[in-house]
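**Student:** Contents of target-v6.cif (mmCIF, C-alpha atoms) are below:
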```
data_run
#
loop_
_atom_site.label_atom_id
_atom_site.label_comp_id
_atom_site.auth_asym_id
_atom_site.auth_seq_id
_atom_site.Cartn_x
_atom_site.Cartn_y
_atom_site.Cartn_z
CA MET U 1 -11.25 -38.46 35.51
CA SER U 2 -7.55 -39.27 35.07
CA ASP U 3 -8.42 -42.85 34.10
CA LEU U 4 -9.91 -41.70 30.79
CA VAL U 5 -6.77 -40.21 29.28
CA THR U 6 -3.42 -41.51 30.47
CA GLY U 7 0.05 -40.05 30.17
CA ASP U 8 1.75 -36.92 31.43
CA ALA U 9 0.54 -34.66 28.61
CA VAL U 10 -0.08 -30.97 29.17
CA VAL U 11 -2.37 -28.74 27.11
CA LEU U 12 -1.11 -27.96 23.60
CA GLY U 13 1.38 -30.81 23.76
CA LEU U 14 3.82 -29.02 26.10
CA ARG U 15 5.99 -31.04 28.47
CA PRO U 16 6.70 -30.36 32.15
CA ALA U 17 10.07 -28.73 32.81
CA ARG U 18 12.54 -30.71 34.90
CA LEU U 19 14.97 -29.68 37.61
CA PRO U 20 18.06 -28.75 35.51
CA SER U 21 16.25 -26.29 33.22
CA ARG U 22 14.25 -24.84 36.09
CA ALA U 23 17.38 -24.43 38.23
CA LEU U 24 19.17 -22.62 35.42
CA ALA U 25 16.19 -20.32 34.88
CA ILE U 26 16.05 -19.52 38.61
CA CYS U 27 19.78 -18.78 38.65
CA LEU U 28 19.33 -16.30 35.79
CA ASP U 29 16.42 -14.66 37.60
CA VAL U 30 18.31 -14.47 40.89
CA LEU U 31 21.31 -12.93 39.10
CA VAL U 32 19.16 -10.23 37.52
CA TYR U 33 17.23 -9.50 40.72
CA GLY U 34 20.46 -9.57 42.75
CA VAL U 35 22.11 -6.97 40.54
CA GLY U 36 18.99 -4.82 40.80
CA TYR U 37 18.96 -5.26 44.58
CA VAL U 38 22.59 -4.14 44.87
CA LEU U 39 22.02 -1.06 42.71
CA VAL U 40 18.91 -0.10 44.66
CA SER U 41 20.74 -0.70 47.96
CA ILE U 42 23.50 1.72 47.00
CA GLY U 43 20.94 4.38 46.20
CA VAL U 44 19.01 3.74 49.41
CA VAL U 45 22.19 3.98 51.53
CA PHE U 46 22.89 7.46 50.26
CA ALA U 47 19.23 8.48 50.55
CA THR U 48 18.85 7.28 54.15
CA ALA U 49 22.23 8.41 55.51
CA SER U 50 20.57 11.00 57.71
CA LEU U 51 18.11 8.54 59.32
CA ASP U 52 18.64 6.63 62.54
CA ASP U 53 19.50 2.92 62.70
CA ALA U 54 15.91 1.73 63.22
CA ALA U 55 14.64 3.65 60.21
CA GLN U 56 17.48 2.37 58.05
CA ALA U 57 16.74 -1.21 59.12
CA ALA U 58 13.04 -0.79 58.27
CA VAL U 59 13.90 0.66 54.86
CA SER U 60 16.32 -2.23 54.20
CA VAL U 61 13.67 -4.87 55.03
CA GLY U 62 11.10 -3.10 52.90
CA MET U 63 13.54 -2.84 50.01
CA PHE U 64 14.40 -6.55 50.33
CA LEU U 65 10.74 -7.58 50.18
CA LEU U 66 10.02 -5.20 47.30
CA VAL U 67 12.94 -6.15 45.04
CA LEU U 68 13.33 -9.88 45.78
CA VAL U 69 9.67 -10.77 46.44
CA GLY U 70 7.36 -8.11 45.02
CA VAL U 71 9.16 -7.67 41.68
CA PRO U 72 9.16 -11.42 40.78
CA ILE U 73 5.44 -11.62 41.64
CA ALA U 74 4.69 -8.59 39.46
CA VAL U 75 6.80 -9.94 36.58
CA GLU U 76 5.08 -13.35 36.59
CA THR U 77 1.66 -11.71 36.78
CA LEU U 78 2.24 -9.23 33.95
CA THR U 79 4.02 -11.72 31.66
CA HIS U 80 1.60 -14.59 32.43
CA GLY U 81 4.29 -16.87 33.82
CA ARG U 82 7.37 -15.83 31.81
CA SER U 83 10.21 -14.38 33.86
CA LEU U 84 13.48 -13.42 32.19
CA GLY U 85 15.14 -16.74 33.02
CA LYS U 86 12.14 -18.78 31.90
CA LEU U 87 11.87 -16.77 28.70
CA ALA U 88 15.54 -17.45 27.92
CA LEU U 89 15.09 -21.22 28.39
CA GLY U 90 11.66 -21.50 26.78
CA LEU U 91 9.76 -22.20 30.00
CA ARG U 92 6.46 -20.85 31.29
CA VAL U 93 4.34 -21.14 34.43
CA VAL U 94 0.76 -22.27 33.72
CA ARG U 95 -2.16 -23.52 35.75
CA GLU U 96 -2.64 -27.25 36.18
CA ASP U 97 -5.27 -27.21 33.43
CA GLY U 98 -2.89 -25.39 31.06
CA GLY U 99 -4.44 -21.91 31.38
CA PRO U 100 -2.53 -18.68 32.13
CA ILE U 101 -1.74 -17.88 35.75
CA ARG U 102 -3.15 -14.89 37.64
CA PHE U 103 -2.00 -12.72 40.50
CA ARG U 104 -3.04 -15.18 43.21
CA HIS U 105 -0.94 -17.96 41.63
CA ALA U 106 2.09 -15.69 41.36
CA LEU U 107 1.56 -14.46 44.95
CA VAL U 108 1.54 -17.99 46.40
CA ARG U 109 4.58 -18.97 44.34
CA GLY U 110 6.47 -15.84 45.41
CA ALA U 111 5.59 -16.26 49.09
CA MET U 112 6.70 -19.90 49.10
CA GLY U 113 9.80 -18.96 47.10
CA VAL U 114 11.08 -16.91 50.04
CA VAL U 115 11.34 -20.13 52.09
CA GLU U 116 12.19 -22.55 49.27
CA LEU U 117 14.70 -20.47 47.33
CA LEU U 118 16.04 -17.62 49.47
CA LEU U 119 16.12 -18.82 53.09
CA THR U 120 17.17 -22.41 52.29
CA PHE U 121 19.29 -21.55 49.22
CA GLY U 122 17.06 -23.66 46.97
CA SER U 123 17.55 -26.95 48.80
CA VAL U 124 13.86 -27.41 49.64
CA ALA U 125 12.84 -26.59 46.07
CA CYS U 126 15.35 -29.09 44.66
CA ILE U 127 14.13 -31.89 46.92
CA ALA U 128 10.48 -31.18 46.16
CA SER U 129 11.16 -31.02 42.41
CA LEU U 130 13.03 -34.35 42.48
CA VAL U 131 10.24 -36.05 44.42
CA SER U 132 7.43 -34.67 42.22
CA SER U 133 6.58 -36.67 39.10
CA ARG U 134 6.17 -33.42 37.16
CA GLY U 135 9.07 -31.51 38.69
CA ARG U 136 6.95 -29.17 40.81
CA ARG U 137 8.25 -27.35 43.88
CA LEU U 138 6.12 -26.60 46.94
CA GLY U 139 5.08 -23.21 45.55
CA ASP U 140 3.64 -24.92 42.48
CA VAL U 141 1.79 -27.48 44.61
CA PHE U 142 0.14 -24.85 46.82
CA ALA U 143 -0.58 -22.49 43.92
CA GLY U 144 -1.90 -25.21 41.61
CA THR U 145 0.63 -24.37 38.87
CA LEU U 146 3.07 -26.19 36.62
CA VAL U 147 6.21 -25.09 34.78
CA VAL U 148 6.16 -26.37 31.19
CA ARG U 149 8.36 -26.17 28.13
CA GLU U 150 7.13 -23.80 25.44
CA ARG U 151 9.87 -24.64 22.94
CA VAL U 152 10.11 -28.38 22.35
CA PRO U 153 12.37 -29.34 19.39
CA GLY U 154 10.62 -31.56 16.88
CA ALA U 155 7.28 -31.49 18.69
CA ARG U 156 4.10 -30.65 16.83
CA VAL U 157 1.69 -28.29 18.54
CA MET U 158 -1.69 -29.93 19.10
CA PRO U 159 -4.30 -27.18 19.62
CA VAL U 160 -7.81 -27.89 20.78
CA PRO U 161 -10.06 -28.07 17.68
CA PRO U 162 -12.56 -25.20 17.36
CA PRO U 163 -16.28 -25.89 17.88
CA PRO U 164 -18.79 -25.81 15.00
CA PRO U 165 -19.70 -22.22 14.01
CA TRP U 166 -23.38 -22.76 14.81
CA LEU U 167 -22.42 -23.25 18.49
CA ALA U 168 -20.82 -19.80 18.81
CA GLY U 169 -22.20 -17.80 21.71
CA ARG U 170 -24.37 -20.65 23.01
CA PHE U 171 -22.64 -20.98 26.39
CA THR U 172 -21.77 -17.40 27.33
CA GLY U 173 -24.04 -17.57 30.38
CA LEU U 174 -22.87 -21.01 31.55
CA ASP U 175 -21.40 -21.13 35.07
CA LEU U 176 -18.04 -22.90 34.74
CA SER U 177 -16.67 -22.05 38.20
CA ALA U 178 -17.46 -25.51 39.62
CA VAL U 179 -15.56 -27.41 36.92
CA PRO U 180 -12.21 -28.47 38.46
CA ASP U 181 -8.88 -27.97 36.73
CA GLY U 182 -8.30 -31.71 36.50
CA LEU U 183 -11.46 -32.18 34.46
CA TRP U 184 -10.46 -29.31 32.14
CA LEU U 185 -7.09 -30.96 31.53
CA THR U 186 -8.73 -34.33 30.80
CA ILE U 187 -11.16 -32.72 28.33
CA ARG U 188 -8.33 -30.92 26.53
CA GLN U 189 -6.29 -34.12 26.34
CA TYR U 190 -9.26 -35.95 24.85
CA LEU U 191 -10.03 -33.23 22.29
CA THR U 192 -6.42 -33.10 21.05
CA ARG U 193 -6.35 -36.89 20.61
CA MET U 194 -9.91 -37.84 19.69
CA ASN U 195 -9.01 -38.39 16.03
CA GLN U 196 -6.53 -41.07 17.12
CA LEU U 197 -9.12 -43.07 19.06
CA ASP U 198 -11.55 -45.72 17.92
CA PRO U 199 -14.83 -43.93 16.96
CA HIS U 200 -16.98 -45.94 19.37
CA THR U 201 -14.51 -45.56 22.26
CA GLY U 202 -14.07 -41.85 21.53
CA ALA U 203 -17.82 -41.27 21.48
CA ALA U 204 -18.22 -43.06 24.82
CA MET U 205 -15.44 -40.98 26.39
CA ALA U 206 -16.94 -37.76 25.02
CA ALA U 207 -20.34 -38.69 26.47
CA LYS U 208 -18.82 -39.42 29.88
CA LEU U 209 -16.86 -36.15 29.94
CA ALA U 210 -19.87 -34.13 28.75
CA ASP U 211 -22.03 -35.67 31.49
CA GLU U 212 -19.37 -34.66 34.04
CA VAL U 213 -19.45 -31.06 32.80
CA VAL U 214 -23.27 -31.00 32.86
CA ALA U 215 -23.26 -32.35 36.43
CA ARG U 216 -20.76 -29.67 37.53
CA THR U 217 -22.56 -26.77 35.87
CA GLY U 218 -26.07 -27.85 36.92
CA THR U 219 -27.44 -27.01 33.46
CA PRO U 220 -29.45 -29.57 31.43
CA PRO U 221 -27.62 -30.99 28.40
CA PRO U 222 -28.36 -29.12 25.17
CA ALA U 223 -30.71 -31.07 22.90
CA GLY U 224 -29.36 -32.13 19.53
CA VAL U 225 -25.72 -31.17 20.26
CA PRO U 226 -23.14 -33.98 19.99
CA ALA U 227 -21.04 -34.57 23.08
CA ALA U 228 -17.71 -33.81 21.36
CA ALA U 229 -19.05 -30.55 19.88
CA PHE U 230 -20.40 -29.59 23.31
CA LEU U 231 -16.96 -30.13 24.86
CA MET U 232 -15.28 -28.05 22.13
CA ALA U 233 -17.72 -25.19 22.65
CA VAL U 234 -17.33 -25.24 26.45
CA VAL U 235 -13.52 -25.28 26.25
CA HIS U 236 -13.63 -22.43 23.72
CA GLU U 237 -15.86 -20.43 26.08
CA ARG U 238 -13.38 -21.03 28.93
CA GLN U 239 -10.49 -19.88 26.72
CA SER U 240 -12.45 -16.79 25.64
CA ARG U 241 -13.11 -15.83 29.26
CA ASP U 242 -9.43 -16.28 30.16
CA ALA U 243 -8.42 -14.14 27.18
CA ALA U 244 -10.95 -11.47 28.13
CA ARG U 245 -9.59 -11.33 31.68
CA ALA U 246 -6.00 -11.19 30.45
CA PHE U 247 -6.30 -8.87 27.44
CA GLY U 248 -9.64 -7.12 27.84
CA ALA U 249 -13.07 -7.49 26.31
CA ALA U 250 -11.70 -7.02 22.77
CA ALA U 251 -10.34 -10.57 22.89
CA ARG U 252 -13.90 -11.91 22.53
CA GLN U 253 -14.70 -9.98 19.35
CA ALA U 254 -13.21 -12.54 16.97
CA PRO U 255 -13.34 -15.97 18.61
CA TYR U 256 -12.65 -17.81 15.37
CA GLY U 257 -9.69 -15.80 14.14
CA GLY U 258 -11.42 -12.76 12.63
CA GLY U 259 -14.84 -11.21 11.98
CA THR U 260 -17.82 -11.29 14.22
CA ALA U 261 -19.23 -14.42 15.78
CA PRO U 262 -21.99 -16.25 13.85
CA ALA U 263 -25.58 -15.73 14.88
CA VAL U 264 -26.82 -17.80 17.80
CA VAL U 265 -29.00 -20.77 16.78
CA PRO U 266 -31.50 -22.25 19.29
CA TYR U 267 -30.67 -25.62 20.85
CA GLY U 268 -31.02 -28.51 18.45
CA ALA U 269 -31.89 -26.33 15.46
CA MET U 270 -29.73 -26.99 12.44
CA PRO U 271 -29.75 -24.83 9.31
CA VAL U 272 -32.37 -26.15 6.88
CA VAL U 273 -31.95 -25.40 3.20
CA PRO U 274 -35.28 -25.32 1.27
CA ALA U 275 -35.61 -27.42 -1.84
CA PRO U 276 -35.37 -25.56 -5.17
CA VAL U 277 -38.57 -24.29 -6.77
CA VAL U 278 -39.66 -26.56 -9.62
CA THR U 279 -41.50 -24.84 -12.51
CA ALA U 280 -43.61 -26.83 -14.98
CA PRO U 281 -42.58 -26.59 -18.66
CA VAL U 282 -44.62 -24.30 -20.95
CA ALA U 283 -46.34 -25.90 -24.01
CA PRO U 284 -45.81 -23.93 -27.28
CA PRO U 285 -49.43 -23.49 -28.51
CA VAL U 286 -51.04 -23.25 -25.09
CA ALA U 287 -50.94 -20.58 -22.41
CA PRO U 288 -47.98 -20.82 -20.04
CA ALA U 289 -48.41 -23.30 -17.24
CA VAL U 290 -48.66 -22.15 -13.66
CA ALA U 291 -45.50 -22.69 -11.62
CA ALA U 292 -45.71 -25.51 -9.14
CA PRO U 293 -45.51 -24.54 -5.46
CA ALA U 294 -42.09 -24.69 -3.84
CA ARG U 295 -41.34 -27.77 -1.79
CA VAL U 296 -39.67 -26.98 1.51
CA ALA U 297 -37.82 -29.68 3.36
CA PRO U 298 -39.46 -30.42 6.72
CA VAL U 299 -37.58 -29.34 9.84
CA GLU U 300 -36.38 -32.26 11.89
CA LYS U 301 -37.27 -31.98 15.53
CA PRO U 302 -34.43 -32.79 17.90
CA ARG U 303 -34.62 -36.13 19.63
CA GLY U 304 -35.23 -35.85 23.32
CA GLY U 305 -32.75 -37.10 25.86
CA THR U 306 -31.60 -36.68 29.41
CA GLY U 307 -27.88 -36.72 28.74
CA PHE U 308 -25.06 -37.53 26.36
CA ALA U 309 -25.49 -41.27 25.88
CA PRO U 310 -22.76 -43.18 23.97
CA PRO U 311 -23.75 -44.96 20.73
CA ALA U 312 -25.02 -48.53 20.91
#
```
Written as structure tokens, how would this file's structure read?
**Tutor:**
Amino acid sequence: MSDLVTGDAVVLGLRPARLPSRALAICLDVLVYGVGYVLVSIGVVFATASLDDAAQAAVSVGMFLLVLVGVPIAVETLTHGRSLGKLALGLRVVREDGGPIRFRHALVRGAMGVVELLLTFGSVACIASLVSSRGRRLGDVFAGTLVVRERVPGARVMPVPPPPPWLAGRFTGLDLSAVPDGLWLTIRQYLTRMNQLDPHTGAAMAAKLADEVVARTGTPPPAGVPAAAFLMAVVHERQSRDAARAFGAAARQAPYGGGTAPAVVPYGAMPVVPAPVVTAPVAPPVAPAVAAPARVAPVEKPRGGTGFAPPA
């Protein structure tokens, strides 16, 4: 799907971080963790003075793994990819599709960091970052993550447009586990740039991406829903699930910035406003005329289809 949207864009217009900024952030992190390790070591030496050599060696190894491996993993997990050094330089670790990382991503990055950063003094990480087109080290490659810039001077944030309100809650039961991260990134890139594309080309790309999502989820395409609106609603559902996992179920209460979600409308059904009631005029000398019956606009039935076909 990378042939649909070109360029090295990341979700929300953020740019991948390069080696100098990442190296400086790592140096700040190592300095902080190193100071903490020294302070903890002094306390452990006094606490284990009465133990034998084997016990002291075991405590030292455990303390090394806890402070220099376990603490960075916990920090990245709890801060969603922002360590102290990355926070100071405006960097953040995200998934390849732009979403927040979880414990498994931080665990893989931390485990690989022992070899890349500690045992080889950062030489392996530097070589891997220079070779990678997006500045990723081996831990990022194995974890499926990317370090991006959160603060870009002069750059305008390009959020994914929200779906139509009548699509709220339509895809809460959709299984999105089979949709790969690369397809999510392509969809987000298209949605942030669809207003810059030719209408016919944009509609064809939206139809192709929507068909890909339908094929991955195994659910028939919703009747009467445009392909672009379907993509917006699916991406919004993915973001809502990520927010619910990260911040709890309360994050889904106001998906559109406040208030409760609009009522769910069946597939293909659009709100139909009835025509106003027309009342016949009343003649002065005669009895009042009977009001004419109200004319209600007929409900259009959705056109059938087997997929999101582009316009002719």
**Student:** Given the file above and the PyMOL selection byres ((chain U and resi 93-105) around 10), which residues are selected, and can you give them as a VMD selection string?
**Tutor:** chain U and resid 10 to 12 14 16 to 17 73 to 74 76 to 83 86 91 to 92 106 to 110 139 to 150 180 to 189 238 to 239 242 to 243 245 to 246
**Student:** Kindly give the distance, in Å, that separates atom CA of U:Pro159 and atom CA of U:Leu197, rounded to a single decimal.
**Tutor:**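 Interatomic distance here is 16.6 Å.
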**Student:** Residue by residue, what does the PyMOL selection byres ((chain U and resi 114-116) around 10) grab here? Present the result as a list in words.
**Tutor:**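 Answer for the PyMOL selection byres ((chain U and resi 114-116) around 10): Leu65, Leu68, Val69, Arg109, Gly110, Ala111, Met112, Gly113, Leu117, Leu118, Leu119, Thr120, Phe121, Gly122, Ser123, Val124, Ala125, Cys126, Ile127, Ala128, Arg137, Leu138 and Gly139 of chain U.
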**Student:** Care to translate the PyMOL selection byres ((chain U and resi 18) around 9) into actual residues of this file, as number ranges by chain?
**Tutor:** U: 16-17, 19-23, 129-130, 134-136, 147-148
**Student:** Take atom CA of U:Ser177 and atom CA of U:Val213 and report the distance between them in Å, one decimal.
**Tutor:**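 One can read the atom CA of U:Ser177 to atom CA of U:Val213 distance as 10.9 Å.
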**Student:** Would you mind listing what lies within 10 Å of U:Thr172 as an MDAnalysis selection string, with only C-alpha atoms counted and same-chain residues fewer than 5 positions away left out?
**Tutor:** chainID U and resid 233:234 237:238 240:241
**Student:** What is the atom CA of U:Asp29 to atom CA of U:Leu84 distance in Å?
**Tutor:** 6.3 Å
**Student:** List every protein, DNA or RNA residue with an atom no more than 10 Å from (15.4, -8.5, 37.0) in the file's coordinates, counting all atoms listed in the file, and format the result as a CSV table (one decimal) with C-alpha atoms, in the frame of the given file.
**Tutor:**
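Once written, result_36.csv looks like this:
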```csv
chain,number,residue,atom,x,y,z
U,28,LEU,CA,19.3,-16.3,35.8
U,29,ASP,CA,16.4,-14.7,37.6
U,30,VAL,CA,18.3,-14.5,40.9
U,31,LEU,CA,21.3,-12.9,39.1
U,32,VAL,CA,19.2,-10.2,37.5
U,33,TYR,CA,17.2,-9.5,40.7
U,34,GLY,CA,20.5,-9.6,42.8
U,35,VAL,CA,22.1,-7.0,40.5
U,36,GLY,CA,19.0,-4.8,40.8
U,37,TYR,CA,19.0,-5.3,44.6
U,67,VAL,CA,12.9,-6.2,45.0
U,68,LEU,CA,13.3,-9.9,45.8
U,71,VAL,CA,9.2,-7.7,41.7
U,72,PRO,CA,9.2,-11.4,40.8
U,75,VAL,CA,6.8,-9.9,36.6
U,83,SER,CA,10.2,-14.4,33.9
U,84,LEU,CA,13.5,-13.4,32.2
U,85,GLY,CA,15.1,-16.7,33.0
```
**Student:** Identify which of the residues U:Val40, U:Leu191, U:Ala178, U:Ala244 lies closest to U:Ala229, counting only C-alpha atoms when measuring atom-to-atom distances.
**Tutor:** U:Leu191
**Student:** Can I get stretch 81-115 of chain U with N, CA and C atoms filled in, as a short mmCIF file (atom, residue, chain, number, x, y, z; two decimals), in the coordinates of the input?
**Tutor:**
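Writing the result to rebuild.cif gives the following:
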```cif
data_model
loop_
_atom_site.label_atom_id
_atom_site.label_comp_id
_atom_site.auth_asym_id
_atom_site.auth_seq_id
_atom_site.Cartn_x
_atom_site.Cartn_y
_atom_site.Cartn_z
N GLY U 81 3.47 -15.71 33.50
CA GLY U 81 4.29 -16.87 33.82
C GLY U 81 5.63 -16.92 33.14
N ARG U 82 6.06 -15.83 32.50
CA ARG U 82 7.37 -15.83 31.81
C ARG U 82 8.29 -14.80 32.47
N SER U 83 9.16 -15.26 33.34
CA SER U 83 10.21 -14.38 33.86
C SER U 83 11.36 -14.34 32.85
N LEU U 84 12.37 -13.54 33.14
CA LEU U 84 13.48 -13.42 32.19
C LEU U 84 14.21 -14.75 32.02
N GLY U 85 14.47 -15.45 33.13
CA GLY U 85 15.14 -16.74 33.02
C GLY U 85 14.31 -17.78 32.30
N LYS U 86 13.01 -17.82 32.59
CA LYS U 86 12.14 -18.78 31.90
C LYS U 86 12.01 -18.44 30.41
N LEU U 87 11.95 -17.17 30.10
CA LEU U 87 11.87 -16.77 28.70
C LEU U 87 13.12 -17.18 27.94
N ALA U 88 14.29 -17.08 28.59
CA ALA U 88 15.54 -17.45 27.92
C ALA U 88 15.62 -18.95 27.67
N LEU U 89 15.02 -19.76 28.53
CA LEU U 89 15.09 -21.22 28.39
C LEU U 89 13.82 -21.82 27.80
N GLY U 90 12.88 -20.98 27.39
CA GLY U 90 11.66 -21.50 26.78
C GLY U 90 10.71 -22.15 27.75
N LEU U 91 10.64 -21.65 28.97
CA LEU U 91 9.76 -22.20 30.00
C LEU U 91 8.63 -21.21 30.28
N ARG U 92 7.59 -21.71 30.92
CA ARG U 92 6.46 -20.85 31.29
C ARG U 92 5.70 -21.49 32.43
N VAL U 93 5.18 -20.67 33.34
CA VAL U 93 4.34 -21.14 34.43
C VAL U 93 2.88 -21.08 33.98
N VAL U 94 2.17 -22.20 34.08
CA VAL U 94 0.76 -22.27 33.72
C VAL U 94 -0.01 -22.92 34.86
N ARG U 95 -1.33 -22.81 34.79
CA ARG U 95 -2.16 -23.52 35.75
C ARG U 95 -2.12 -25.02 35.46
N GLU U 96 -2.64 -25.80 36.38
CA GLU U 96 -2.64 -27.25 36.18
C GLU U 96 -3.46 -27.68 34.98
N ASP U 97 -4.47 -26.88 34.60
CA ASP U 97 -5.27 -27.21 33.43
C ASP U 97 -4.70 -26.60 32.16
N GLY U 98 -3.53 -25.95 32.24
CA GLY U 98 -2.89 -25.39 31.06
C GLY U 98 -3.21 -23.93 30.79
N GLY U 99 -4.07 -23.30 31.58
CA GLY U 99 -4.44 -21.91 31.38
C GLY U 99 -3.40 -20.95 31.95
N PRO U 100 -3.50 -19.66 31.61
CA PRO U 100 -2.53 -18.68 32.13
C PRO U 100 -2.74 -18.42 33.62
N ILE U 101 -1.64 -18.13 34.31
CA ILE U 101 -1.74 -17.88 35.75
C ILE U 101 -2.23 -16.46 35.98
N ARG U 102 -2.69 -16.22 37.22
CA ARG U 102 -3.15 -14.89 37.64
C ARG U 102 -2.34 -14.42 38.83
N PHE U 103 -2.76 -13.31 39.41
CA PHE U 103 -2.00 -12.72 40.50
C PHE U 103 -1.94 -13.65 41.71
N ARG U 104 -3.04 -14.32 42.01
CA ARG U 104 -3.04 -15.18 43.21
C ARG U 104 -2.05 -16.35 43.06
N HIS U 105 -1.91 -16.88 41.83
CA HIS U 105 -0.94 -17.96 41.63
C HIS U 105 0.49 -17.44 41.81
N ALA U 106 0.76 -16.26 41.22
CA ALA U 106 2.09 -15.69 41.36
C ALA U 106 2.39 -15.30 42.81
N LEU U 107 1.36 -14.84 43.55
CA LEU U 107 1.56 -14.46 44.95
C LEU U 107 1.94 -15.67 45.80
N VAL U 108 1.23 -16.78 45.62
CA VAL U 108 1.54 -17.99 46.40
C VAL U 108 2.93 -18.51 46.04
N ARG U 109 3.25 -18.51 44.75
CA ARG U 109 4.58 -18.97 44.34
C ARG U 109 5.68 -18.07 44.90
N GLY U 110 5.46 -16.75 44.88
CA GLY U 110 6.47 -15.84 45.41
C GLY U 110 6.63 -15.97 46.92
N ALA U 111 5.51 -16.12 47.64
CA ALA U 111 5.59 -16.26 49.09
C ALA U 111 6.32 -17.55 49.49
N MET U 112 6.00 -18.65 48.80
CA MET U 112 6.70 -19.90 49.10
C MET U 112 8.14 -19.86 48.63
N GLY U 113 8.43 -19.06 47.58
CA GLY U 113 9.80 -18.96 47.10
C GLY U 113 10.75 -18.34 48.11
N VAL U 114 10.22 -17.50 49.00
CA VAL U 114 11.08 -16.91 50.04
C VAL U 114 11.68 -18.01 50.91
N VAL U 115 10.85 -19.02 51.25
CA VAL U 115 11.34 -20.13 52.09
C VAL U 115 12.12 -21.14 51.26
#
```
